[in-house]
$ cat input.txt   # compact mmCIF, C-alpha atoms
# COMPACT_ATOMS: atom_id res chain seq x y z
CA MET I 88 -179.70 -65.22 37.87
CA LYS I 89 -182.44 -63.55 35.87
CA ALA I 90 -180.71 -60.21 36.27
CA VAL I 91 -177.47 -61.69 34.93
CA ALA I 92 -179.28 -63.08 31.91
CA ILE I 93 -180.92 -59.74 31.22
CA TRP I 94 -177.61 -57.95 31.62
CA LEU I 95 -175.87 -60.35 29.24
CA ALA I 96 -178.65 -60.16 26.68
CA THR I 97 -178.57 -56.37 26.79
CA THR I 98 -174.79 -56.32 26.47
CA LEU I 99 -174.84 -58.66 23.51
CA GLY I 100 -177.63 -56.74 21.83
CA VAL I 101 -175.78 -53.46 22.22
CA ALA I 102 -172.56 -55.14 21.07
CA LEU I 103 -174.25 -56.33 17.92
CA LEU I 104 -175.60 -52.87 17.15
CA ALA I 105 -172.22 -51.29 17.89
CA HIS I 106 -170.44 -53.79 15.66
CA LEU I 107 -172.87 -53.37 12.78
CA GLY I 108 -172.88 -49.61 13.10
CA SER I 109 -169.12 -49.27 13.25
CA THR I 110 -168.60 -51.70 10.37
CA TRP I 111 -171.02 -49.62 8.28
CA TYR I 112 -169.27 -46.38 9.29
CA VAL I 113 -165.62 -47.43 8.75
CA PRO I 114 -165.50 -47.01 4.94
CA ARG I 115 -167.38 -43.72 5.13
CA TYR I 116 -165.00 -42.41 7.75
CA ILE I 117 -161.92 -43.49 5.78
CA MET I 118 -163.24 -41.97 2.54
CA GLY I 119 -164.19 -38.79 4.38
CA ARG I 120 -160.71 -38.47 5.80
CA LEU I 121 -159.16 -39.03 2.36
CA MET I 122 -161.41 -36.44 0.75
CA ASP I 123 -160.66 -33.91 3.49
CA THR I 124 -156.90 -34.50 3.12
CA VAL I 125 -156.91 -34.12 -0.66
CA ALA I 126 -159.30 -31.15 -0.61
CA ALA I 127 -157.11 -29.40 1.97
CA GLU I 128 -154.22 -29.69 -0.52
CA SER I 129 -155.90 -28.37 -3.64
CA GLY I 130 -159.56 -27.73 -2.97
CA THR I 131 -162.37 -29.67 -4.61
CA ASN I 132 -163.04 -30.10 -8.33
CA ALA I 133 -159.34 -29.97 -9.20
CA PHE I 134 -156.89 -32.75 -9.94
CA VAL I 135 -153.98 -33.46 -7.62
CA ASN I 136 -151.21 -35.28 -9.48
CA ARG I 137 -149.37 -37.62 -7.16
CA PRO I 138 -145.74 -38.59 -7.81
CA LEU I 139 -145.02 -42.27 -8.30
CA ALA I 140 -145.58 -44.09 -5.02
CA ASP I 141 -142.64 -45.17 -2.91
CA ALA I 142 -142.11 -46.34 0.65
CA ASP I 143 -142.78 -42.81 1.95
CA SER I 144 -146.25 -42.70 0.34
CA ARG I 145 -148.75 -42.92 3.16
CA THR I 146 -151.94 -41.24 1.91
CA ILE I 147 -153.57 -44.41 0.60
CA VAL I 148 -152.76 -48.00 1.57
CA ARG I 149 -151.38 -50.47 -0.97
CA PRO I 150 -150.47 -47.97 -3.69
CA SER I 151 -149.10 -49.42 -6.92
CA PRO I 152 -145.57 -48.14 -7.68
CA ASP I 153 -146.24 -48.76 -11.38
CA LEU I 154 -149.13 -46.32 -11.72
CA MET I 155 -149.28 -42.55 -11.83
CA TYR I 156 -152.36 -41.45 -9.91
CA SER I 157 -154.33 -38.25 -10.37
CA ILE I 158 -157.10 -37.69 -7.86
CA CYS I 159 -159.97 -35.22 -7.77
CA VAL I 160 -162.40 -34.77 -4.90
CA VAL I 161 -165.63 -33.92 -6.70
CA ASP I 162 -168.13 -31.68 -4.92
CA MET I 163 -171.46 -31.77 -6.72
CA SER I 164 -173.44 -29.68 -4.27
CA ALA I 165 -173.59 -26.82 -6.80
CA GLY I 166 -173.85 -28.91 -9.96
CA PRO I 167 -172.29 -31.78 -11.91
CA VAL I 168 -168.56 -32.03 -12.53
CA ARG I 169 -166.96 -32.72 -15.93
CA ILE I 170 -163.83 -34.83 -16.19
CA ARG I 171 -161.63 -34.49 -19.25
CA ALA I 172 -158.35 -36.31 -19.75
CA SER I 173 -156.22 -37.80 -22.50
CA ALA I 174 -155.26 -41.44 -22.46
CA SER I 175 -151.67 -42.72 -22.29
CA ALA I 176 -150.36 -46.16 -23.26
CA PRO I 177 -150.25 -48.91 -22.18
CA TYR I 178 -153.19 -48.39 -19.81
CA THR I 179 -155.28 -45.50 -18.52
CA SER I 180 -158.50 -45.66 -16.56
CA VAL I 181 -160.83 -43.11 -15.02
CA SER I 182 -162.77 -44.38 -12.02
CA VAL I 183 -165.35 -42.82 -9.72
CA PHE I 184 -165.81 -43.72 -6.06
CA ALA I 185 -168.79 -42.94 -3.89
CA ALA I 186 -168.50 -41.52 -0.39
CA ASN I 187 -168.90 -45.03 1.01
CA SER I 188 -165.85 -46.19 -1.06
CA ASP I 189 -167.79 -48.17 -3.69
CA ASN I 190 -166.26 -48.08 -7.17
CA VAL I 191 -169.38 -46.97 -9.04
CA PHE I 192 -167.87 -46.23 -12.46
CA VAL I 193 -164.76 -47.07 -14.44
CA MET I 194 -163.75 -46.51 -18.04
CA ASN I 195 -160.41 -47.37 -19.60
CA ASP I 196 -158.65 -46.28 -22.77
CA GLN I 197 -159.87 -49.29 -24.74
CA ALA I 198 -163.37 -47.82 -24.64
CA LEU I 199 -162.26 -44.63 -26.39
CA ALA I 200 -162.53 -44.03 -30.12
CA PRO I 201 -159.11 -43.59 -31.79
CA GLY I 202 -157.69 -40.21 -30.88
CA ALA I 203 -160.53 -39.42 -28.48
CA ASP I 204 -160.17 -38.26 -24.90
CA PHE I 205 -162.07 -39.21 -21.76
CA ASP I 206 -165.09 -36.92 -21.29
CA ILE I 207 -167.05 -38.06 -18.27
CA TRP I 208 -169.64 -36.38 -16.06
CA VAL I 209 -170.11 -36.95 -12.34
CA GLY I 210 -173.31 -35.68 -10.79
CA LYS I 211 -176.22 -36.33 -8.51
CA PRO I 212 -179.63 -37.61 -9.56
CA ARG I 213 -181.78 -34.86 -11.10
CA GLN I 214 -178.73 -32.74 -11.96
CA ASN I 215 -178.31 -31.71 -15.57
CA VAL I 216 -175.87 -34.30 -16.92
CA PRO I 217 -175.65 -34.71 -20.73
CA VAL I 218 -177.50 -37.91 -21.65
CA SER I 219 -175.06 -38.85 -24.40
CA ALA I 220 -171.95 -38.63 -22.22
CA PRO I 221 -170.56 -41.38 -19.98
CA SER I 222 -171.60 -40.44 -16.47
CA ALA I 223 -171.67 -41.51 -12.85
CA LEU I 224 -174.43 -40.48 -10.48
CA LEU I 225 -173.70 -40.34 -6.76
CA ARG I 226 -176.14 -39.93 -3.90
CA SER I 227 -173.70 -37.93 -1.78
CA ASP I 228 -172.42 -34.40 -2.43
CA ARG I 229 -168.83 -35.62 -2.61
CA GLY I 230 -166.92 -38.44 -4.25
CA VAL I 231 -163.52 -39.24 -5.68
CA VAL I 232 -162.35 -39.45 -9.29
CA LEU I 233 -159.11 -41.35 -9.76
CA ILE I 234 -157.08 -41.61 -12.96
CA ARG I 235 -154.60 -44.47 -13.15
CA ARG I 236 -151.83 -44.50 -15.78
CA VAL I 237 -149.35 -47.35 -16.14
CA VAL I 238 -145.73 -46.21 -16.13
CA THR I 239 -143.17 -48.50 -17.79
CA ASP I 240 -139.89 -46.60 -17.45
CA ALA I 241 -138.41 -43.23 -16.48
CA GLU I 242 -138.63 -41.72 -19.97
CA GLN I 243 -142.22 -42.72 -20.49
CA ALA I 244 -143.03 -41.44 -16.99
CA LYS I 245 -141.97 -37.91 -17.98
CA ALA I 246 -144.28 -37.94 -20.98
CA VAL I 247 -147.15 -39.37 -18.94
CA ASP I 248 -146.63 -36.77 -16.24
CA ALA I 249 -146.79 -33.93 -18.75
CA LEU I 250 -149.95 -35.35 -20.33
CA ARG I 251 -151.82 -35.88 -17.10
CA ARG I 252 -151.35 -32.26 -16.04
CA GLU I 253 -153.72 -31.28 -18.84
CA ALA I 254 -156.58 -33.23 -17.29
CA ARG I 255 -159.52 -31.22 -16.00
CA CYS I 256 -162.02 -31.77 -13.19
CA GLU I 257 -164.39 -28.80 -13.39
CA GLN I 258 -167.81 -27.95 -12.10
CA ARG I 259 -170.31 -26.96 -14.77
CA MET X 42 -182.37 -45.75 41.22
CA LEU X 43 -178.60 -45.62 41.24
CA LYS X 44 -178.47 -49.38 41.15
CA ARG X 45 -180.67 -49.45 38.06
CA LEU X 46 -178.58 -46.81 36.35
CA PHE X 47 -175.44 -48.78 37.04
CA PHE X 48 -177.08 -51.98 35.77
CA TRP X 49 -178.18 -50.62 32.43
CA GLY X 50 -175.28 -48.24 32.01
CA SER X 51 -172.70 -50.97 32.53
CA ALA X 52 -174.51 -53.21 30.05
CA VAL X 53 -174.50 -50.47 27.40
CA ILE X 54 -170.85 -49.56 27.98
CA ALA X 55 -169.78 -53.19 27.95
CA GLY X 56 -171.80 -53.78 24.80
CA VAL X 57 -170.34 -50.80 22.99
CA LEU X 58 -166.80 -51.81 23.92
CA LEU X 59 -167.43 -55.39 22.89
CA GLY X 60 -169.00 -54.36 19.58
CA LEU X 61 -166.29 -51.88 18.68
CA GLY X 62 -163.62 -54.33 19.79
CA ALA X 63 -165.09 -56.95 17.47
CA THR X 64 -164.89 -54.49 14.57
CA VAL X 65 -161.26 -53.61 15.31
CA LEU X 66 -160.31 -57.28 15.68
CA PHE X 67 -162.03 -58.15 12.43
CA LEU X 68 -160.22 -55.41 10.51
CA GLN X 69 -156.87 -56.39 12.01
CA ARG X 70 -157.16 -60.13 11.60
CA ALA X 71 -159.13 -60.66 8.41
CA GLY X 72 -157.05 -61.36 5.33
CA MET X 73 -157.12 -58.87 2.51
CA GLY X 74 -157.22 -61.58 -0.10
CA GLY X 75 -160.80 -62.73 -0.25
CA ASP X 76 -162.86 -65.87 -0.44
CA ILE X 77 -161.53 -67.26 -3.75
CA ALA X 78 -158.23 -69.12 -3.59
CA SER X 79 -155.68 -70.15 -6.19
CA GLY X 80 -152.84 -71.77 -4.25
CA PRO X 81 -151.63 -69.24 -1.68
CA TRP X 82 -153.30 -66.39 -3.62
CA HIS X 83 -156.71 -65.07 -2.64
CA THR X 84 -159.10 -62.73 -4.38
CA SER X 85 -162.66 -61.54 -4.06
CA MET X 86 -165.24 -60.69 -6.67
CA ALA X 87 -166.78 -58.22 -4.21
CA THR X 88 -163.82 -55.82 -3.99
CA GLY X 89 -164.95 -52.30 -4.81
CA SER X 90 -168.38 -53.57 -5.73
CA SER X 91 -171.59 -51.81 -4.76
CA SER X 92 -172.98 -55.25 -3.90
CA ALA X 93 -170.26 -55.97 -1.33
CA ASP X 94 -171.44 -56.79 2.17
CA PRO X 95 -170.58 -54.25 4.92
CA TRP X 96 -167.68 -56.35 6.21
CA THR X 97 -166.03 -56.67 2.81
CA ARG X 98 -166.55 -52.96 2.17
CA ALA X 99 -164.98 -52.05 5.54
CA LEU X 100 -162.05 -54.40 5.00
CA VAL X 101 -161.33 -53.16 1.47
CA ALA X 102 -161.58 -49.54 2.61
CA SER X 103 -159.09 -50.11 5.42
CA ARG X 104 -156.65 -52.35 3.53
CA GLY X 105 -157.14 -51.44 -0.15
CA LEU X 106 -158.96 -48.12 -0.46
CA LEU X 107 -159.93 -47.11 -4.00
CA ALA X 108 -159.59 -50.65 -5.34
CA LEU X 109 -161.32 -51.12 -8.67
CA ALA X 110 -164.27 -53.43 -9.13
CA PRO X 111 -163.39 -56.88 -10.51
CA GLU X 112 -164.83 -56.12 -13.93
CA GLU X 113 -161.80 -53.85 -14.43
CA THR X 114 -159.12 -55.26 -12.16
CA LEU X 115 -158.57 -58.41 -10.14
CA TYR X 116 -156.31 -58.29 -7.09
CA TYR X 117 -154.76 -61.48 -5.72
CA THR X 118 -152.97 -61.31 -2.38
CA ALA X 119 -150.73 -63.88 -0.69
CA THR X 120 -149.68 -63.74 2.94
CA THR X 121 -148.26 -67.28 2.99
CA ASP X 122 -146.04 -69.38 0.78
CA SER X 123 -147.42 -72.35 -1.16
CA ASP X 124 -147.05 -74.53 1.94
CA GLY X 125 -149.09 -72.21 4.09
CA ARG X 126 -146.22 -70.63 6.04
CA ARG X 127 -146.39 -66.88 6.73
CA LEU X 128 -144.24 -64.80 4.35
CA ASN X 129 -141.38 -63.31 6.32
CA GLY X 130 -138.33 -61.30 5.28
CA ASN X 131 -136.00 -63.66 7.15
CA CYS X 132 -136.59 -66.23 4.40
CA ARG X 133 -135.81 -66.35 0.70
CA TYR X 134 -138.63 -67.15 -1.74
CA ARG X 135 -138.83 -67.88 -5.44
CA LEU X 136 -141.83 -67.27 -7.67
CA ASP X 137 -141.84 -69.05 -11.03
CA GLY X 138 -144.46 -68.11 -13.57
CA ARG X 139 -145.62 -67.03 -17.00
CA ASP X 140 -147.59 -64.00 -18.05
CA PRO X 141 -151.12 -64.37 -16.74
CA GLY X 142 -154.18 -63.61 -18.83
CA ALA X 143 -154.54 -59.85 -18.51
CA ARG X 144 -153.90 -56.75 -20.56
CA TRP X 145 -151.30 -55.61 -18.00
CA TRP X 146 -150.22 -57.10 -14.69
CA SER X 147 -147.79 -56.57 -11.81
CA ILE X 148 -146.57 -58.20 -8.59
CA THR X 149 -145.95 -55.86 -5.63
CA ALA X 150 -144.59 -56.48 -2.13
CA TYR X 151 -146.17 -54.73 0.86
CA GLY X 152 -145.27 -54.68 4.51
CA ALA X 153 -147.71 -55.97 7.10
CA ASP X 154 -148.81 -52.32 7.46
CA SER X 155 -150.00 -52.39 3.80
CA TYR X 156 -147.43 -49.86 2.57
CA LEU X 157 -144.47 -50.28 0.22
CA ILE X 158 -141.33 -51.65 1.85
CA SER X 159 -138.43 -49.24 2.11
CA ASN X 160 -135.20 -50.48 0.43
CA PRO X 161 -132.07 -48.80 -0.98
CA GLN X 162 -132.87 -50.03 -4.50
CA LYS X 163 -136.34 -48.36 -4.37
CA ARG X 164 -137.70 -51.50 -6.01
CA TYR X 165 -141.21 -52.44 -4.96
CA SER X 166 -142.64 -54.53 -7.77
CA PHE X 167 -142.20 -56.28 -11.08
CA SER X 168 -144.58 -55.97 -13.99
CA GLN X 169 -144.96 -57.49 -17.40
CA THR X 170 -142.93 -54.60 -18.79
CA THR X 171 -140.05 -54.73 -16.28
CA LEU X 172 -139.38 -58.46 -15.83
CA THR X 173 -136.38 -60.23 -17.35
CA ARG X 174 -137.60 -63.41 -18.98
CA ALA X 175 -136.10 -66.72 -20.07
CA ALA X 176 -136.05 -67.71 -23.75
CA ASP X 177 -139.39 -69.51 -23.37
CA ARG X 178 -140.94 -66.33 -21.88
CA SER X 179 -141.13 -67.80 -18.37
CA TRP X 180 -139.77 -65.80 -15.47
CA SER X 181 -138.56 -66.17 -11.91
CA ILE X 182 -138.62 -63.60 -9.13
CA VAL X 183 -136.58 -63.96 -5.95
CA VAL X 184 -138.14 -62.26 -2.93
CA SER X 185 -135.66 -61.79 -0.09
CA ALA X 186 -133.94 -59.27 2.16
CA ASP X 187 -130.52 -60.27 0.75
CA SER X 188 -129.68 -59.31 -2.80
CA ALA X 189 -130.04 -61.85 -5.58
CA GLU X 190 -129.23 -62.10 -9.29
CA GLY X 191 -131.95 -61.54 -11.85
CA ASN X 192 -135.43 -60.41 -10.87
CA TRP X 193 -134.97 -59.62 -7.19
CA LEU X 194 -137.74 -58.05 -5.10
CA PRO X 195 -136.36 -56.72 -1.80
CA VAL X 196 -138.20 -57.15 1.47
CA ARG X 197 -137.16 -56.34 5.01
CA ALA X 198 -135.47 -58.94 7.20
CA GLY X 199 -137.43 -60.05 10.23
CA GLU X 200 -140.75 -58.61 9.09
CA ASP X 201 -143.84 -60.22 7.64
CA PHE X 202 -144.84 -59.09 4.19
CA GLU X 203 -147.55 -59.67 1.58
CA LEU X 204 -147.56 -59.98 -2.19
CA THR X 205 -150.29 -58.60 -4.43
CA VAL X 206 -150.80 -59.46 -8.09
CA ARG X 207 -152.86 -56.98 -10.10
CA PHE X 208 -154.62 -58.03 -13.32
CA TYR X 209 -155.85 -55.06 -15.32
CA ASN X 210 -158.56 -56.05 -17.80
CA PRO X 211 -158.36 -59.76 -17.03
CA GLU X 212 -159.15 -62.11 -19.89
CA THR X 213 -162.60 -63.65 -19.98
CA ASP X 214 -161.54 -67.06 -18.66
CA VAL X 215 -159.69 -65.41 -15.77
CA TYR X 216 -162.70 -63.35 -14.85
CA SER X 217 -165.15 -66.23 -15.17
CA GLU X 218 -163.04 -68.63 -13.10
CA PRO X 219 -160.75 -66.56 -10.89
CA GLY X 220 -159.91 -69.56 -8.70
CA ALA X 221 -158.54 -71.49 -11.67
CA VAL X 222 -155.95 -68.90 -12.70
CA ALA X 223 -152.39 -70.25 -12.94
CA LEU X 224 -150.59 -67.93 -10.54
CA PRO X 225 -146.95 -68.46 -9.55
CA LYS X 226 -146.16 -70.85 -6.75
CA ILE X 227 -144.38 -69.17 -3.83
CA LEU X 228 -141.54 -71.53 -2.94
CA ARG X 229 -139.55 -71.00 0.23
CA GLU X 230 -135.95 -71.71 -0.74
CA SER X 231 -134.29 -71.06 2.59
CA CYS X 232 -134.89 -69.79 6.07
CA PRO X 233 -132.38 -69.38 8.93

$ encode --input "input.txt" --output "structure tokens"
Amino acid sequence: MKAVAIWLATTLGVALLAHLGSTWYVPRYIMGRLMDTVAAESGTNAFVNRPLADADSRTIVRPSPDLMYSICVVDMSAGPVRIRASASAPYTSVSVFAANSDNVFVMNDQALAPGADFDIWVGKPRQNVPVSAPSALLRSDRGVVLIRRVVTDAEQAKAVDALRREARCEQR
Amino acid sequence: MLKRLFFWGSAVIAGVLLGLGATVLFLQRAGMGGDIASGPWHTSMATGSSSADPWTRALVASRGLLALAPEETLYYTATTDSDGRRLNGNCRYRLDGRDPGARWWSITAYGADSYLISNPQKRYSFSQTTLTRAADRSWSIVVSADSAEGNWLPVRAGEDFELTVRFYNPETDVYSEPGAVALPKILRESCP
């Protein structure tokens, strides 16, 4: 009887550790897989411009079919990365995600001065990031920058697509 | 010696399987919506947040990767109609509503696998810029596998589906009381 109790207690203790550990690891694994997939397509520190999502889109769950996405896997191991992009109406946002999937930074077009572009830095602590610029600091070497642009119709989509191809994600 | 090895080894293996199984079950069964309800719609103020607990973070990563933090966007998800019955493409539903308090918003249908639902019309959502409205600015959306007049959002017959409302830059009162937002009722009009 005592042996059974010890066995059960050990099993439950290990189960708890396994559950906590796997729960902690899941978002990191999923983000890692996404970053590897995108980086395999275009390398790091370069935007990949996705077409509008449809039923065949399987890279990311729950995509919005009303948004044009541009994604950059930032690799800051050799220095900070500068993001530059123009805004498009009716809504544009630039967001930064850490390697554990947390959304650590977001800025939308309403925060821009009239006629201004997004100019955002992503780096690690102690890297040389301009103090006056909007910035996101990540603890990991890699992260994700995602630009979302609302698309309202086919004509506007063409203009938005042309504009977003001018965006830059470059290591400095 | 062998007996001891078997004793401890079996406990560790059983524990690992149990722990991992609990994680898988949690990710499969837990609703995407969140802990704040407004009718059949659910949201969470922890989505995308650095202060999210590990379970919320794991769930959002597996069911809504790259979701924005609530300061920028609120996501409401419904898996049931307003009477608590699972949304299924065998039935016809009607959503009646008005523009919610946000700079831009949309309603999107997803399959139970969290991807867009294939349909010949390639229609997956309605937004504030694509809806046809009544004279008083109200709108209705029919969600069904069979075609319908007006704002019709196709889903697949025989399969469960989910609806997600996105609020980009929600208004202050929406953000401060997300459970009090007037979201459309999901009325089941018919079912075979």

$ atom_distance --input "input.txt" --atom1 "atom CA of Asp204 of chain I" --atom2 "atom CA of Leu115 of chain X"
25.0 Å

$ closest_residue --input "input.txt" --among "X:Leu43, X:Ile77, X:Ile158, X:Cys132" --to "chain I" --atoms "all atoms listed in the file"
X:Ile158

$ interface_residues --input "input.txt" --of "chain X" --to "chain I" --cutoff "7 Å" --atoms "all atoms listed in the file" --output "VMD selection string"
chain X and resid 52 to 53 55 to 57 59 to 61 63 to 64 89 to 91 95 to 96 98 to 99 102 104 to 107 109 to 110 151 155 to 159 165 170

$ residues_around --input "input.txt" --residues "segment 143-147 of chain X" --least-positions-apart "3" --cutoff "8 Å" --atoms "all atoms listed in the file" --output "list in words"
Asp153, Pro177 and Tyr178 of chain I; Ser166, Phe167, Ser168, Gln169, Val206, Arg207, Phe208, Tyr209, Asn210, Pro211 and Glu212 of chain X

$ residues_around --input "input.txt" --residues "Leu250 of chain I" --least-positions-apart "3" --cutoff "8 Å" --atoms "all atoms listed in the file" --output "count of residues only"
6

$ residues_around --input "input.txt" --residues "Trp82 of chain X" --least-positions-apart "3" --cutoff "8 Å" --atoms "only C-alpha atoms" --output "PyMOL selection string"
chain X and resi 74+78-79+117-120+224

$ closest_residue --input "input.txt" --among "X:Arg178, X:Thr84, X:Leu100, X:Ser92" --to "Ala71 of chain X" --atoms "all atoms listed in the file"
X:Leu100

$ residues_around --input "input.txt" --residues "Leu136 of chain X" --least-positions-apart "6" --cutoff "7 Å" --atoms "only C-alpha atoms" --output "list in words"
Ser181, Ile182, Val183, Pro225, Lys226, Ile227 and Leu228 of chain X

$ axis_aligned_box --input "input.txt" --around "segment 202-221 of chain X" --padding-each-side "3 Å" --output "lines of an AutoDock Vina configuration file"
center_x = -155.0
center_y = -63.3
center_z = -7.9
size_x = 26.3
size_y = 22.4
size_z = 30.2

$ closest_residue --input "input.txt" --among "I:Met163, I:Ile158, I:Ala200, I:Met88" --to "Val216 of chain I" --atoms "only C-alpha atoms"
I:Met163

$ closest_residue --input "input.txt" --among "X:Glu218, X:Asp124, X:Asp187, X:Glu203" --to "Ala150 of chain X" --atoms "all atoms listed in the file"
X:Glu203

$ closest_residue --input "input.txt" --among "X:Val196, X:Lys44, X:Gly75, X:Thr149" --to "Leu154 of chain I" --atoms "only C-alpha atoms"
X:Thr149

$ residues_around --input "input.txt" --residues "Gln258 of chain I" --least-positions-apart "4" --cutoff "7 Å" --atoms "only C-alpha atoms" --output "mmCIF file with C-alpha atoms, keeping the file's coordinate frame"
data_model
loop_
_atom_site.group_PDB
_atom_site.id
_atom_site.type_symbol
_atom_site.label_atom_id
_atom_site.label_comp_id
_atom_site.auth_asym_id
_atom_site.auth_seq_id
_atom_site.Cartn_x
_atom_site.Cartn_y
_atom_site.Cartn_z
ATOM 1 C CA ASN I 132 -163.040 -30.100 -8.330
ATOM 2 C CA GLY I 166 -173.850 -28.910 -9.960
ATOM 3 C CA PRO I 167 -172.290 -31.780 -11.910
ATOM 4 C CA VAL I 168 -168.560 -32.030 -12.530
ATOM 5 C CA ARG I 169 -166.960 -32.720 -15.930
#

$ atom_distance --input "input.txt" --atom1 "atom CA of Arg135 of chain X" --atom2 "atom CA of Glu230 of chain X"
6.7 Å

$ closest_residue --input "input.txt" --among "I:Met155, I:Asp248, I:Gln214, I:Gly230" --to "Val125 of chain I" --atoms "all atoms listed in the file"
I:Gly230

$ atom_distance --input "input.txt" --atom1 "atom CA of Ser227 of chain I" --atom2 "atom CA of Arg213 of chain I"
12.7 Å
